[in-house]
file start.txt (compact mmCIF, C-alpha atoms and all ligand atoms)
# COMPACT_ATOMS: atom_id res chain seq x y z
CA MET A 1 -42.48 42.28 -8.49
CA GLU A 2 -44.25 43.50 -11.55
CA GLY A 3 -46.70 42.49 -14.28
CA ALA A 4 -48.21 39.01 -14.05
CA THR A 5 -46.20 38.10 -10.92
CA LEU A 6 -47.53 41.12 -9.03
CA THR A 7 -51.13 40.39 -10.03
CA TRP A 8 -50.70 36.75 -9.00
CA TYR A 9 -49.14 37.77 -5.65
CA GLN A 10 -51.98 40.19 -4.84
CA TRP A 11 -54.55 37.55 -5.69
CA TYR A 12 -52.70 34.87 -3.66
CA SER A 13 -52.32 37.02 -0.53
CA ARG A 14 -56.02 37.93 -0.68
CA ILE A 15 -57.19 34.32 -0.54
CA HIS A 16 -54.35 32.90 1.65
CA LEU A 17 -54.20 35.38 4.49
CA TYR A 18 -51.95 33.37 6.82
CA SER A 19 -49.90 31.38 4.31
CA THR A 20 -46.32 30.34 5.26
CA TRP A 21 -43.30 31.31 3.14
CA LYS A 22 -42.86 27.66 2.14
CA ASP A 23 -46.46 27.32 0.89
CA MET A 24 -46.20 30.58 -0.97
CA THR A 25 -42.95 29.67 -2.80
CA SER A 26 -44.33 26.26 -3.68
CA ALA A 27 -47.54 27.83 -5.09
CA MET A 28 -45.42 30.32 -7.01
CA LEU A 29 -43.31 27.57 -8.52
CA ASN A 30 -46.44 25.70 -9.55
CA ARG A 31 -47.74 28.83 -11.23
CA PHE A 32 -44.56 30.10 -12.91
CA GLY A 33 -42.09 27.21 -12.73
CA HIS A 34 -43.14 25.57 -16.03
CA VAL A 35 -41.26 22.47 -14.92
CA ASP A 36 -42.66 19.23 -13.60
CA LEU A 37 -41.65 19.34 -9.93
CA GLU A 38 -41.32 15.55 -9.75
CA ASN A 39 -38.64 15.80 -12.38
CA LEU A 40 -36.38 18.36 -10.73
CA ASP A 41 -34.15 15.78 -9.03
CA GLY A 42 -33.50 14.14 -12.37
CA LEU A 43 -32.79 17.46 -14.06
CA LEU A 44 -30.30 18.33 -11.33
CA ALA A 45 -28.52 15.01 -11.76
CA LYS A 46 -28.27 15.52 -15.52
CA MET A 47 -27.06 19.10 -15.36
CA LYS A 48 -23.70 19.62 -17.12
CA GLN A 49 -21.27 22.51 -17.14
CA GLY A 50 -20.55 22.03 -20.85
CA ALA A 51 -18.80 25.00 -22.42
CA SER A 52 -19.92 27.56 -19.83
CA ILE A 53 -17.69 28.98 -17.13
CA VAL A 54 -17.90 27.58 -13.59
CA SER A 55 -19.69 30.59 -12.10
CA SER A 56 -22.51 30.46 -14.71
CA TYR A 57 -22.87 26.71 -14.19
CA GLN A 58 -22.92 27.28 -10.42
CA GLU A 59 -25.59 29.96 -10.81
CA GLU A 60 -27.81 27.66 -12.90
CA PHE A 61 -27.20 24.81 -10.48
CA GLU A 62 -28.15 26.95 -7.47
CA LYS A 63 -31.32 28.14 -9.22
CA LEU A 64 -32.44 24.58 -9.86
CA ALA A 65 -31.23 23.25 -6.48
CA ASN A 66 -33.28 25.97 -4.76
CA ARG A 67 -36.41 24.38 -6.14
CA VAL A 68 -35.58 20.84 -5.07
CA GLU A 69 -36.69 19.81 -1.64
CA GLY A 70 -35.44 17.08 0.67
CA LEU A 71 -32.29 16.14 -1.29
CA PRO A 72 -29.41 15.55 1.20
CA VAL A 73 -26.43 17.89 0.95
CA HIS A 74 -24.02 15.12 -0.08
CA ALA A 75 -26.28 14.24 -3.02
CA LEU A 76 -26.37 17.89 -4.10
CA MET A 77 -22.60 17.98 -3.86
CA ARG A 78 -22.27 14.82 -5.96
CA ASN A 79 -24.61 16.24 -8.61
CA PHE A 80 -22.68 19.49 -8.71
CA MET A 81 -19.30 17.76 -9.06
CA GLN A 82 -20.51 15.23 -11.63
CA GLY A 83 -21.79 18.06 -13.81
CA LEU A 84 -18.40 19.79 -13.87
CA ARG A 85 -16.07 19.26 -16.80
CA ASP A 86 -13.87 16.20 -16.16
CA GLU A 87 -10.58 18.02 -15.65
CA ILE A 88 -12.14 20.39 -13.11
CA ASP A 89 -14.03 17.59 -11.35
CA GLN A 90 -10.80 15.63 -10.89
CA GLU A 91 -8.95 18.63 -9.45
CA VAL A 92 -11.80 19.24 -6.99
CA LEU A 93 -11.97 15.56 -6.00
CA MET A 94 -8.28 15.61 -5.09
CA PHE A 95 -8.98 18.11 -2.30
CA ARG A 96 -11.87 16.05 -0.92
CA PRO A 97 -14.23 18.94 -0.19
CA SER A 98 -16.56 18.26 2.73
CA THR A 99 -19.28 20.86 1.97
CA LEU A 100 -21.07 21.98 -1.17
CA GLN A 101 -19.77 25.52 -0.72
CA GLU A 102 -16.22 24.20 -0.49
CA ALA A 103 -16.70 22.17 -3.70
CA MET A 104 -18.02 25.27 -5.50
CA ASP A 105 -15.12 27.43 -4.34
CA LEU A 106 -12.61 24.73 -5.32
CA ALA A 107 -14.23 24.37 -8.76
CA ARG A 108 -13.78 28.09 -9.46
CA ILE A 109 -10.15 28.05 -8.25
CA SER A 110 -9.35 24.89 -10.26
CA ALA A 111 -10.88 26.32 -13.44
CA GLU A 112 -8.78 29.46 -13.02
CA GLU A 113 -5.64 27.37 -12.45
CA ILE A 114 -6.32 25.21 -15.52
CA ARG A 115 -6.95 28.31 -17.65
CA ASN A 116 -3.64 29.83 -16.50
CA ARG A 117 -1.81 26.67 -17.43
CA HIS A 118 -3.42 26.55 -20.86
CA GLU A 119 -2.59 30.20 -21.46
CA LYS A 120 1.05 29.59 -20.59
CA GLY A 121 0.98 26.48 -22.83
CA LEU A 122 2.04 24.26 -19.94
CA TYR A 123 1.45 20.55 -19.49
CA PHE A 124 -0.86 19.58 -16.71
CA ASN A 125 1.55 17.63 -14.57
CA CYS A 126 4.97 18.66 -15.66
CA ASP A 127 5.40 22.43 -15.98
CA GLU A 128 6.94 22.14 -19.43
CA LYS A 129 5.89 23.97 -22.59
CA PHE A 130 3.60 22.17 -24.98
CA ALA A 131 5.07 20.86 -28.23
CA PRO A 132 3.72 18.07 -30.47
CA GLU A 133 6.84 15.96 -30.01
CA HIS A 134 6.88 16.57 -26.27
CA LYS A 135 8.25 13.90 -23.98
CA TYR A 136 8.27 14.03 -20.19
CA THR A 137 11.81 15.00 -19.34
CA GLN A 138 11.33 15.54 -15.63
CA MET A 139 12.37 12.64 -13.44
CA GLN A 140 9.15 10.80 -12.69
CA ILE A 141 8.66 7.44 -11.01
CA PHE A 142 7.01 5.68 -13.98
CA ILE A 143 3.25 5.75 -13.56
CA LEU A 144 3.33 7.68 -10.29
CA ASP A 145 2.50 10.95 -12.06
CA ASP A 146 0.56 9.89 -15.08
CA ASP A 147 -2.87 11.13 -14.12
CA ASP A 148 -4.75 11.82 -10.95
CA GLN A 149 -6.65 8.54 -10.87
CA THR A 150 -3.48 6.43 -11.17
CA LYS A 151 -1.74 8.60 -8.62
CA ILE A 152 -4.44 7.91 -6.05
CA LEU A 153 -4.40 4.17 -6.81
CA ILE A 154 -0.66 3.58 -6.60
CA HIS A 155 -0.49 3.53 -2.80
CA PRO A 156 -3.12 0.85 -2.04
CA VAL A 157 -2.17 -1.30 -5.04
CA PHE A 158 1.53 -1.33 -4.19
CA MET A 159 0.90 -1.95 -0.48
CA LEU A 160 -1.46 -4.84 -1.22
CA ILE A 161 0.79 -6.47 -3.85
CA GLY A 162 3.82 -6.00 -1.58
CA PHE A 163 3.01 -6.65 2.07
CA ILE A 164 -0.11 -8.75 1.62
CA ILE A 165 0.21 -10.83 -1.57
CA LEU A 166 4.01 -11.20 -1.93
CA GLY A 167 4.63 -11.14 1.84
CA GLY A 168 1.88 -13.75 2.32
CA GLU A 169 3.20 -15.95 -0.49
CA ALA A 170 6.71 -15.72 0.97
CA ILE A 171 5.38 -17.08 4.26
CA ILE A 172 3.20 -19.80 2.68
CA SER A 173 6.08 -20.89 0.43
CA TYR A 174 7.90 -22.33 3.44
CA LYS A 175 5.34 -25.07 3.88
CA GLY A 176 3.74 -25.07 0.45
CA LEU A 177 6.67 -25.75 -1.86
CA PRO A 178 8.10 -29.25 -2.38
CA TRP A 179 11.78 -28.23 -2.79
CA SER A 180 14.77 -28.39 -0.44
CA LYS A 181 14.99 -26.06 2.57
CA LYS A 182 17.86 -24.15 0.90
CA VAL A 183 15.78 -23.31 -2.18
CA LYS A 184 12.74 -22.43 -0.11
CA LYS A 185 14.85 -20.13 2.07
CA LEU A 186 16.04 -18.31 -1.04
CA ILE A 187 12.50 -17.93 -2.38
CA HIS A 188 11.27 -16.73 1.05
CA LEU A 189 14.07 -14.17 1.26
CA ILE A 190 13.64 -12.85 -2.30
CA LEU A 191 9.84 -12.56 -2.12
CA HIS A 192 10.11 -10.65 1.17
CA ALA A 193 12.72 -8.35 -0.39
CA ILE A 194 10.41 -7.56 -3.34
CA ALA A 195 7.54 -7.03 -0.88
CA LEU A 196 9.67 -4.53 1.02
CA ILE A 197 10.53 -2.63 -2.18
CA PHE A 198 6.84 -2.46 -3.15
CA GLY A 199 6.05 -1.19 0.35
CA ILE A 200 8.69 1.55 0.16
CA VAL A 201 7.46 2.73 -3.29
CA GLY A 202 3.82 2.56 -2.11
CA ILE A 203 4.47 4.72 0.96
CA TYR A 204 6.64 7.11 -1.06
CA ALA A 205 3.69 7.50 -3.49
CA ALA A 206 1.31 8.33 -0.61
CA PHE A 207 3.66 11.04 0.70
CA LYS A 208 4.28 12.42 -2.81
CA ASN A 209 0.55 12.60 -3.50
CA HIS A 210 -0.07 14.36 -0.18
CA ASN A 211 2.74 16.87 -0.71
CA GLU A 212 1.64 17.72 -4.24
CA SER A 213 -1.98 18.19 -3.19
CA GLY A 214 -1.10 20.24 -0.10
CA ILE A 215 -2.54 17.59 2.27
CA ALA A 216 -0.85 17.10 5.66
CA ASN A 217 1.29 14.01 6.25
CA LEU A 218 1.07 11.49 9.06
CA TYR A 219 -2.15 12.69 10.68
CA SER A 220 -3.96 9.33 10.86
CA LEU A 221 -3.72 6.13 12.91
CA HIS A 222 -3.35 4.31 9.57
CA SER A 223 -0.28 6.35 8.65
CA TRP A 224 1.37 5.96 12.07
CA MET A 225 0.81 2.21 12.05
CA GLY A 226 2.08 2.19 8.45
CA ILE A 227 5.41 3.74 9.42
CA GLY A 228 5.71 1.27 12.34
CA ILE A 229 4.94 -1.70 10.10
CA ILE A 230 7.43 -0.85 7.36
CA SER A 231 10.14 -0.28 9.98
CA LEU A 232 9.43 -3.64 11.68
CA TYR A 233 9.33 -5.37 8.27
CA GLY A 234 12.76 -3.92 7.44
CA ILE A 235 14.21 -5.01 10.82
CA GLN A 236 12.73 -8.52 10.44
CA TRP A 237 14.22 -8.87 6.96
CA ILE A 238 17.70 -7.74 8.00
CA TYR A 239 17.67 -9.97 11.10
CA GLY A 240 16.47 -12.98 9.04
CA PHE A 241 19.11 -12.36 6.38
CA VAL A 242 21.99 -12.00 8.85
CA VAL A 243 21.04 -14.95 11.06
CA PHE A 244 19.71 -17.49 8.53
CA PHE A 245 21.49 -16.57 5.29
CA TYR A 246 24.61 -14.42 5.30
CA PRO A 247 26.94 -14.57 7.19
CA GLY A 248 24.58 -16.81 9.26
CA GLY A 249 24.51 -17.26 13.03
CA SER A 250 25.88 -20.23 14.97
CA PRO A 251 23.56 -23.27 15.06
CA ALA A 252 22.58 -22.38 18.64
CA ILE A 253 21.60 -18.83 17.67
CA ARG A 254 19.63 -20.09 14.66
CA THR A 255 17.68 -22.59 16.75
CA GLU A 256 16.98 -19.96 19.41
CA SER A 257 15.93 -17.43 16.76
CA VAL A 258 13.48 -19.56 14.75
CA PRO A 259 10.44 -19.30 17.09
CA TRP A 260 11.05 -15.56 17.57
CA HIS A 261 11.45 -15.07 13.81
CA VAL A 262 8.17 -16.90 13.17
CA LEU A 263 6.32 -15.04 15.95
CA PHE A 264 7.63 -11.61 14.97
CA GLY A 265 7.04 -12.34 11.24
CA LEU A 266 3.44 -13.33 11.86
CA LEU A 267 2.87 -10.28 14.04
CA VAL A 268 4.15 -7.89 11.34
CA PHE A 269 2.08 -9.65 8.67
CA MET A 270 -1.11 -9.49 10.75
CA LEU A 271 -0.50 -5.82 11.51
CA ALA A 272 -0.14 -5.19 7.76
CA VAL A 273 -3.49 -6.93 7.10
CA GLY A 274 -5.17 -4.90 9.87
CA ASN A 275 -3.67 -1.67 8.62
CA SER A 276 -4.86 -2.39 5.08
CA ALA A 277 -8.39 -2.76 6.45
CA LEU A 278 -7.95 0.62 8.17
CA GLY A 279 -6.73 2.07 4.85
CA PHE A 280 -9.81 0.76 3.01
CA LEU A 281 -12.06 2.20 5.72
CA GLU A 282 -10.34 5.57 5.51
CA LYS A 283 -10.51 5.64 1.70
CA LEU A 284 -14.21 4.76 1.75
CA THR A 285 -14.94 7.46 4.33
CA PHE A 286 -13.25 10.06 2.09
CA LEU A 287 -15.23 8.80 -0.91
CA GLU A 288 -18.51 8.92 1.01
CA ASN A 289 -17.76 12.45 2.19
CA SER A 290 -17.23 13.49 -1.40
CA GLY A 291 -20.63 12.15 -2.35
CA ILE A 292 -20.66 8.43 -3.22
CA SER A 293 -23.59 6.46 -1.91
CA LYS A 294 -23.14 4.49 1.33
CA PHE A 295 -24.80 1.43 -0.20
CA GLY A 296 -23.60 1.95 -3.77
CA THR A 297 -21.45 -0.40 -5.83
CA GLU A 298 -18.23 1.52 -5.11
CA ALA A 299 -18.78 1.23 -1.36
CA PHE A 300 -19.52 -2.46 -1.75
CA LEU A 301 -16.38 -2.98 -3.84
CA VAL A 302 -14.09 -1.30 -1.29
CA ASN A 303 -15.58 -3.31 1.62
CA PHE A 304 -15.41 -6.51 -0.41
CA ASN A 305 -11.70 -5.91 -1.13
CA ALA A 306 -11.10 -5.48 2.59
CA ILE A 307 -12.89 -8.76 3.37
CA VAL A 308 -10.86 -10.65 0.74
CA THR A 309 -7.64 -9.18 2.19
CA ILE A 310 -8.59 -10.28 5.71
CA LEU A 311 -9.58 -13.80 4.55
CA PHE A 312 -6.29 -14.20 2.70
CA GLY A 313 -4.46 -13.07 5.85
CA VAL A 314 -6.32 -15.61 7.97
CA PHE A 315 -5.30 -18.48 5.65
CA VAL A 316 -1.65 -17.41 5.63
CA VAL A 317 -1.61 -17.39 9.42
CA LEU A 318 -3.35 -20.80 9.58
CA SER A 319 -0.73 -22.26 7.23
CA VAL A 320 1.97 -21.30 9.71
CA ILE A 321 0.15 -22.39 12.85
CA PHE A 322 -0.78 -25.87 11.62
CA GLN A 323 1.62 -28.55 10.46
CA ALA A 324 1.02 -29.79 6.91
CA ARG A 325 -0.70 -33.18 7.04
CA VAL A 326 1.46 -35.91 5.56
CA GLU A 327 -0.58 -38.65 3.89
CA ASP A 328 0.97 -42.08 3.50
CA ASP A 329 0.04 -44.69 0.91
CA PHE A 330 -2.02 -46.73 3.33
CA SER A 331 -4.17 -44.05 4.89
CA TYR A 332 -6.02 -43.16 1.69
CA SER A 333 -9.74 -43.18 1.99
CA SER A 334 -12.28 -42.06 -0.56
CA ILE A 335 -13.99 -39.11 1.09
C1 LIG B 401 0.18 -2.53 5.05
C2 LIG B 401 -0.23 -1.77 4.16
C3 LIG B 401 -0.21 -0.24 4.25
C4 LIG B 401 0.72 0.57 4.85
C5 LIG B 401 1.98 0.15 5.59
C6 LIG B 401 0.29 1.93 4.61
C7 LIG B 401 0.96 3.06 5.04
C8 LIG B 401 0.55 4.36 4.85
C9 LIG B 401 1.24 5.55 5.27
C10 LIG B 401 2.59 5.57 5.99
C11 LIG B 401 0.50 6.62 4.91
C12 LIG B 401 0.82 8.09 5.23
C13 LIG B 401 1.22 8.93 4.05
C14 LIG B 401 1.34 10.36 4.45
O1 LIG B 401 1.11 10.69 5.62
O2 LIG B 401 1.66 11.19 3.57
C15 LIG B 401 -0.70 6.13 4.27
C16 LIG B 401 -1.72 6.93 3.78
C17 LIG B 401 -2.89 6.44 3.25
N1 LIG B 401 -3.19 5.11 2.99
FE1 LIG B 401 -2.06 3.53 3.43
N2 LIG B 401 -0.89 1.92 3.89
C18 LIG B 401 -1.22 0.60 3.65
C19 LIG B 401 -2.30 0.12 2.94
C20 LIG B 401 -3.34 0.90 2.48
C21 LIG B 401 -4.48 0.39 1.80
C22 LIG B 401 -4.75 -1.07 1.42
C23 LIG B 401 -5.29 1.44 1.55
C24 LIG B 401 -6.62 1.31 0.87
C25 LIG B 401 -7.18 2.15 0.15
C26 LIG B 401 -4.64 2.65 2.06
C27 LIG B 401 -5.14 3.94 2.01
C28 LIG B 401 -4.47 5.06 2.45
C29 LIG B 401 -5.01 6.40 2.38
C30 LIG B 401 -6.40 6.78 1.89
C31 LIG B 401 -4.02 7.25 2.87
C32 LIG B 401 -4.12 8.78 2.98
C33 LIG B 401 -4.67 9.22 4.27
C34 LIG B 401 -3.73 9.03 5.45
O3 LIG B 401 -2.61 9.58 5.47
O4 LIG B 401 -4.12 8.32 6.39
N3 LIG B 401 -3.44 2.26 2.62
N4 LIG B 401 -0.64 4.76 4.24
C1 LIG B 402 10.22 -9.27 6.72
C2 LIG B 402 10.58 -10.38 6.26
C3 LIG B 402 10.22 -11.73 6.83
C4 LIG B 402 9.04 -12.19 7.39
C5 LIG B 402 7.78 -11.40 7.65
C6 LIG B 402 9.25 -13.59 7.70
C7 LIG B 402 8.30 -14.41 8.26
C8 LIG B 402 8.45 -15.76 8.45
C9 LIG B 402 7.43 -16.67 8.94
C10 LIG B 402 6.02 -16.25 9.33
C11 LIG B 402 7.96 -17.90 8.97
C12 LIG B 402 7.23 -19.19 9.40
C13 LIG B 402 6.85 -20.01 8.18
C14 LIG B 402 6.25 -21.35 8.56
O1 LIG B 402 6.65 -21.91 9.57
O2 LIG B 402 5.34 -21.80 7.82
C15 LIG B 402 9.32 -17.80 8.53
C16 LIG B 402 10.21 -18.86 8.46
C17 LIG B 402 11.53 -18.72 8.14
N1 LIG B 402 12.18 -17.59 7.71
FE1 LIG B 402 11.36 -15.78 7.51
N2 LIG B 402 10.51 -13.94 7.31
C18 LIG B 402 11.14 -12.84 6.80
C19 LIG B 402 12.42 -12.74 6.29
C20 LIG B 402 13.33 -13.76 6.30
C21 LIG B 402 14.68 -13.68 5.79
C22 LIG B 402 15.31 -12.47 5.12
C23 LIG B 402 15.25 -14.88 5.98
C24 LIG B 402 16.66 -15.24 5.60
C25 LIG B 402 16.97 -16.28 4.99
C26 LIG B 402 14.28 -15.73 6.61
C27 LIG B 402 14.46 -17.06 7.01
C28 LIG B 402 13.50 -17.88 7.49
C29 LIG B 402 13.73 -19.28 7.82
C30 LIG B 402 15.05 -20.03 7.73
C31 LIG B 402 12.50 -19.80 8.24
C32 LIG B 402 12.19 -21.24 8.62
C33 LIG B 402 12.15 -21.43 10.06
C34 LIG B 402 11.92 -22.89 10.34
O3 LIG B 402 12.89 -23.63 10.25
O4 LIG B 402 10.74 -23.23 10.59
N3 LIG B 402 13.11 -15.04 6.80
N4 LIG B 402 9.59 -16.50 8.20
call {"tool": "encode", "arguments": {"input": "start.txt", "output": "structure tokens"}}
result
Amino acid sequence: MEGATLTWYQWYSRIHLYSTWKDMTSAMLNRFGHVDLENLDGLLAKMKQGASIVSSYQEEFEKLANRVEGLPVHALMRNFMQGLRDEIDQEVLMFRPSTLQEAMDLARISAEEIRNRHEKGLYFNCDEKFAPEHKYTQMQIFILDDDDQTKILIHPVFMLIGFIILGGEAIISYKGLPWSKKVKKLIHLILHAIALIFGIVGIYAAFKNHNESGIANLYSLHSWMGIGIISLYGIQWIYGFVVFFYPGGSPAIRTESVPWHVLFGLLVFMLAVGNSALGFLEKLTFLENSGISKFGTEAFLVNFNAIVTILFGVFVVLSVIFQARVEDDFSYSSI
């Protein structure tokens, strides 16, 4: 210490003989901080990396964060990541850091990686040289690679459209549509086939995303159930096709098979609904670990999606369990 700080320190220790370290730093901040302490949280939240390099931004962030008291670590981590430049923030998010230190280390590594790519004139996702007329020539599954946000979204969107919406509609269509059994069978079969294709692409996207980000595969209950469900769905489809459509089993085999087909079909569909709820839960846990608020709008949105999925599933199952009520001309009554 020197100059004004030294004089202040000597004066402070004379009148506060048994002061704690915490009291002393707080008094020092009041004397030399020049910043309204109430406002520090807000300043931290607004801090931006801008044009500076990650380590300078980190240094400034740490200086300010040192003076903020009582802010939980996940909020500090969120502030730090939100202040990073977008391209770095997205890289860091992909690795789902669980501590602030991890997020800081990842930010430095990502910035380095991005700089290397720029220096080599490479595209972000495709390892090809930059040119104004550039087109992606690598084989890519349409939007699977477009940007990180889309990449993360493909899996849940494809699984929900496939196994839940199309699979559910295929089941409902048996009772819901007014056409002949032959037409309904065809619609049922085709919708389930499209659902299966969506499911395969959705799971492929999840594996691809994991492999590219260096995340392990098949470590969760959700993923194990997922593999089971897609296998059962495939078996159910092939069995249904062979017995009810082409070449078609004998009438006795068909009659025997119907209740099993319905039971097994419902079981696979309900497992898919349950597994989607697990997927939402897992996704939300990752998001919360990377800093989103437990009661924030994003958390609400994810939980709300899960509830809608479950409600839809319940109605599909009810449509199978109950016979459609047939009204005749004479039983009409105004409600
Ligand atoms: C029936 C529908 C679903 C099936 C069959 C399914 C299947 C799978 C499979 C097999 C994996 C493992 C990928 C790997 O290990 O590389 C996976 C991962 C994942 N899924 Fe799903 N999924 C479904 C729906 C959803 C939904 C609706 C979400 C909601 C966000 C979701 C979120 C995730 C997440 C976050 C991962 C990565 C973490 C992990 O491997 O557990 N899934 N899914
Ligand atoms: C994974 C795919 C499939 C699932 C999950 C599934 C599920 C179901 C369910 C839940 C029902 C009961 C509908 C109701 O009673 O309201 C049903 C009926 C039926 N399914 Fe499938 N199905 C699948 C594939 C197929 C295929 C490929 C065929 C081949 C044509 C087929 C033929 C039938 C027939 C003929 C019925 C009517 C049974 C009856 O007479 O009540 N299904 N299916």
call {"tool": "closest_residue", "arguments": {"input": "start.txt", "among": "A:Val317, A:Leu160, A:Ala252, A:Ile172", "to": "ligand LIG 401 (chain B)", "atoms": "only C-alpha atoms and all ligand atoms"}}
result
A:Leu160
call {"tool": "closest_residue", "arguments": {"input": "start.txt", "among": "A:Ala306, A:Ala216, A:Ile197, A:Leu278", "to": "ligand LIG 402 (chain B)", "atoms": "only C-alpha atoms and all ligand atoms"}}
result
A:Ile197
call {"tool": "closest_residue", "arguments": {"input": "start.txt", "among": "A:Met94, A:Leu64, A:Ile53, A:Met104", "to": "Glu212 (chain A)", "atoms": "all atoms listed in the file"}}
result
A:Met94
call {"tool": "residues_near_ligand", "arguments": {"input": "start.txt", "ligand": "ligand LIG 401 (chain B)", "cutoff": "8 Å", "atoms": "only C-alpha atoms and all ligand atoms", "output": "short mmCIF file (atom, residue, chain, number, x, y, z; two decimals) with C-alpha atoms, keeping the file's coordinate frame"}}
result
data_model
loop_
_atom_site.label_atom_id
_atom_site.label_comp_id
_atom_site.auth_asym_id
_atom_site.auth_seq_id
_atom_site.Cartn_x
_atom_site.Cartn_y
_atom_site.Cartn_z
CA LEU A 153 -4.40 4.17 -6.81
CA HIS A 155 -0.49 3.53 -2.80
CA PRO A 156 -3.12 0.85 -2.04
CA VAL A 157 -2.17 -1.30 -5.04
CA MET A 159 0.90 -1.95 -0.48
CA LEU A 160 -1.46 -4.84 -1.22
CA PHE A 163 3.01 -6.65 2.07
CA ILE A 164 -0.11 -8.75 1.62
CA GLY A 199 6.05 -1.19 0.35
CA GLY A 202 3.82 2.56 -2.11
CA ILE A 203 4.47 4.72 0.96
CA TYR A 204 6.64 7.11 -1.06
CA ALA A 206 1.31 8.33 -0.61
CA PHE A 207 3.66 11.04 0.70
CA LYS A 208 4.28 12.42 -2.81
CA ASN A 209 0.55 12.60 -3.50
CA HIS A 210 -0.07 14.36 -0.18
CA ASN A 211 2.74 16.87 -0.71
CA ILE A 215 -2.54 17.59 2.27
CA ALA A 216 -0.85 17.10 5.66
CA ASN A 217 1.29 14.01 6.25
CA LEU A 218 1.07 11.49 9.06
CA TYR A 219 -2.15 12.69 10.68
CA SER A 220 -3.96 9.33 10.86
CA LEU A 221 -3.72 6.13 12.91
CA HIS A 222 -3.35 4.31 9.57
CA SER A 223 -0.28 6.35 8.65
CA TRP A 224 1.37 5.96 12.07
CA MET A 225 0.81 2.21 12.05
CA GLY A 226 2.08 2.19 8.45
CA ILE A 227 5.41 3.74 9.42
CA GLY A 228 5.71 1.27 12.34
CA ILE A 229 4.94 -1.70 10.10
CA ILE A 230 7.43 -0.85 7.36
CA LEU A 271 -0.50 -5.82 11.51
CA ALA A 272 -0.14 -5.19 7.76
CA VAL A 273 -3.49 -6.93 7.10
CA GLY A 274 -5.17 -4.90 9.87
CA ASN A 275 -3.67 -1.67 8.62
CA SER A 276 -4.86 -2.39 5.08
CA ALA A 277 -8.39 -2.76 6.45
CA LEU A 278 -7.95 0.62 8.17
CA GLY A 279 -6.73 2.07 4.85
CA PHE A 280 -9.81 0.76 3.01
CA LEU A 281 -12.06 2.20 5.72
CA GLU A 282 -10.34 5.57 5.51
CA LYS A 283 -10.51 5.64 1.70
CA LEU A 284 -14.21 4.76 1.75
CA PHE A 286 -13.25 10.06 2.09
CA VAL A 302 -14.09 -1.30 -1.29
CA ALA A 306 -11.10 -5.48 2.59
#
call {"tool": "atom_distance", "arguments": {"input": "start.txt", "atom1": "CA of Gln90 (chain A)", "atom2": "CA of Ala111 (chain A)"}}
result
11.0 Å
call {"tool": "closest_atom_pairs", "arguments": {"input": "start.txt", "of": "chain A", "to": "ligand LIG 402 (chain B)", "cutoff": "8 Å", "atoms": "only C-alpha atoms and all ligand atoms", "output": "tab-separated table"}}
result
residue	atom	partner	partner_atom	distance
A:Gly167	CA	B:LIG402	C5	6.6
A:Ala170	CA	B:LIG402	C6	7.5
A:Ile171	CA	B:LIG402	C13	5.1
A:Ile172	CA	B:LIG402	O2	5.9
A:Ser173	CA	B:LIG402	O2	7.5
A:Tyr174	CA	B:LIG402	O2	5.1
A:Lys175	CA	B:LIG402	O2	5.1
A:Lys181	CA	B:LIG402	C30	7.9
A:Lys185	CA	B:LIG402	C25	5.3
A:Leu186	CA	B:LIG402	C25	6.4
A:His188	CA	B:LIG402	N3	6.3
A:Leu189	CA	B:LIG402	C22	4.4
A:Ile190	CA	B:LIG402	C22	7.6
A:His192	CA	B:LIG402	C2	5.1
A:Ala193	CA	B:LIG402	C2	7.3
A:Leu196	CA	B:LIG402	C1	7.4
A:Leu232	CA	B:LIG402	C1	7.5
A:Tyr233	CA	B:LIG402	C1	4.3
A:Gly234	CA	B:LIG402	C1	6.0
A:Ile235	CA	B:LIG402	C1	7.1
A:Gln236	CA	B:LIG402	C1	4.5
A:Trp237	CA	B:LIG402	C2	4.0
A:Ile238	CA	B:LIG402	C22	6.0
A:Tyr239	CA	B:LIG402	C22	6.9
A:Gly240	CA	B:LIG402	C21	3.8
A:Phe241	CA	B:LIG402	C24	3.9
A:Val242	CA	B:LIG402	C24	7.0
A:Val243	CA	B:LIG402	C24	7.0
A:Phe244	CA	B:LIG402	C25	4.6
A:Phe245	CA	B:LIG402	C25	4.5
A:Tyr246	CA	B:LIG402	C25	7.9
A:Val258	CA	B:LIG402	C33	5.2
A:Pro259	CA	B:LIG402	C33	7.5
A:His261	CA	B:LIG402	N4	6.1
A:Val262	CA	B:LIG402	C9	4.3
A:Leu263	CA	B:LIG402	C10	6.7
A:Phe264	CA	B:LIG402	C7	7.3
A:Gly265	CA	B:LIG402	C5	3.8
A:Leu266	CA	B:LIG402	C10	4.6
A:Val268	CA	B:LIG402	C5	6.3
A:Phe269	CA	B:LIG402	C5	6.0
A:Val317	CA	B:LIG402	C10	7.7
A:Ser319	CA	B:LIG402	O2	6.1
A:Val320	CA	B:LIG402	O2	3.9
A:Ile321	CA	B:LIG402	O2	7.3
call {"tool": "residues_near_point", "arguments": {"input": "start.txt", "point": "(-14.8, 22.1, -6.0)", "cutoff": "12 Å", "atoms": "only C-alpha atoms", "output": "NGL selection string"}}
result
:A and (54-55 or 58 or 77-112 or 290)
call {"tool": "atom_distance", "arguments": {"input": "start.txt", "atom1": "CA of Ile194 (chain A)", "atom2": "CA of Ser231 (chain A)"}}
result
15.2 Å
call {"tool": "atom_distance", "arguments": {"input": "start.txt", "atom1": "CA of Leu40 (chain A)", "atom2": "CA of Glu62 (chain A)"}}
result
12.3 Å
call {"tool": "closest_residue", "arguments": {"input": "start.txt", "among": "A:Trp11, A:Phe300, A:Trp260, A:Tyr57", "to": "Leu44 (chain A)", "atoms": "all atoms listed in the file"}}
result
A:Tyr57
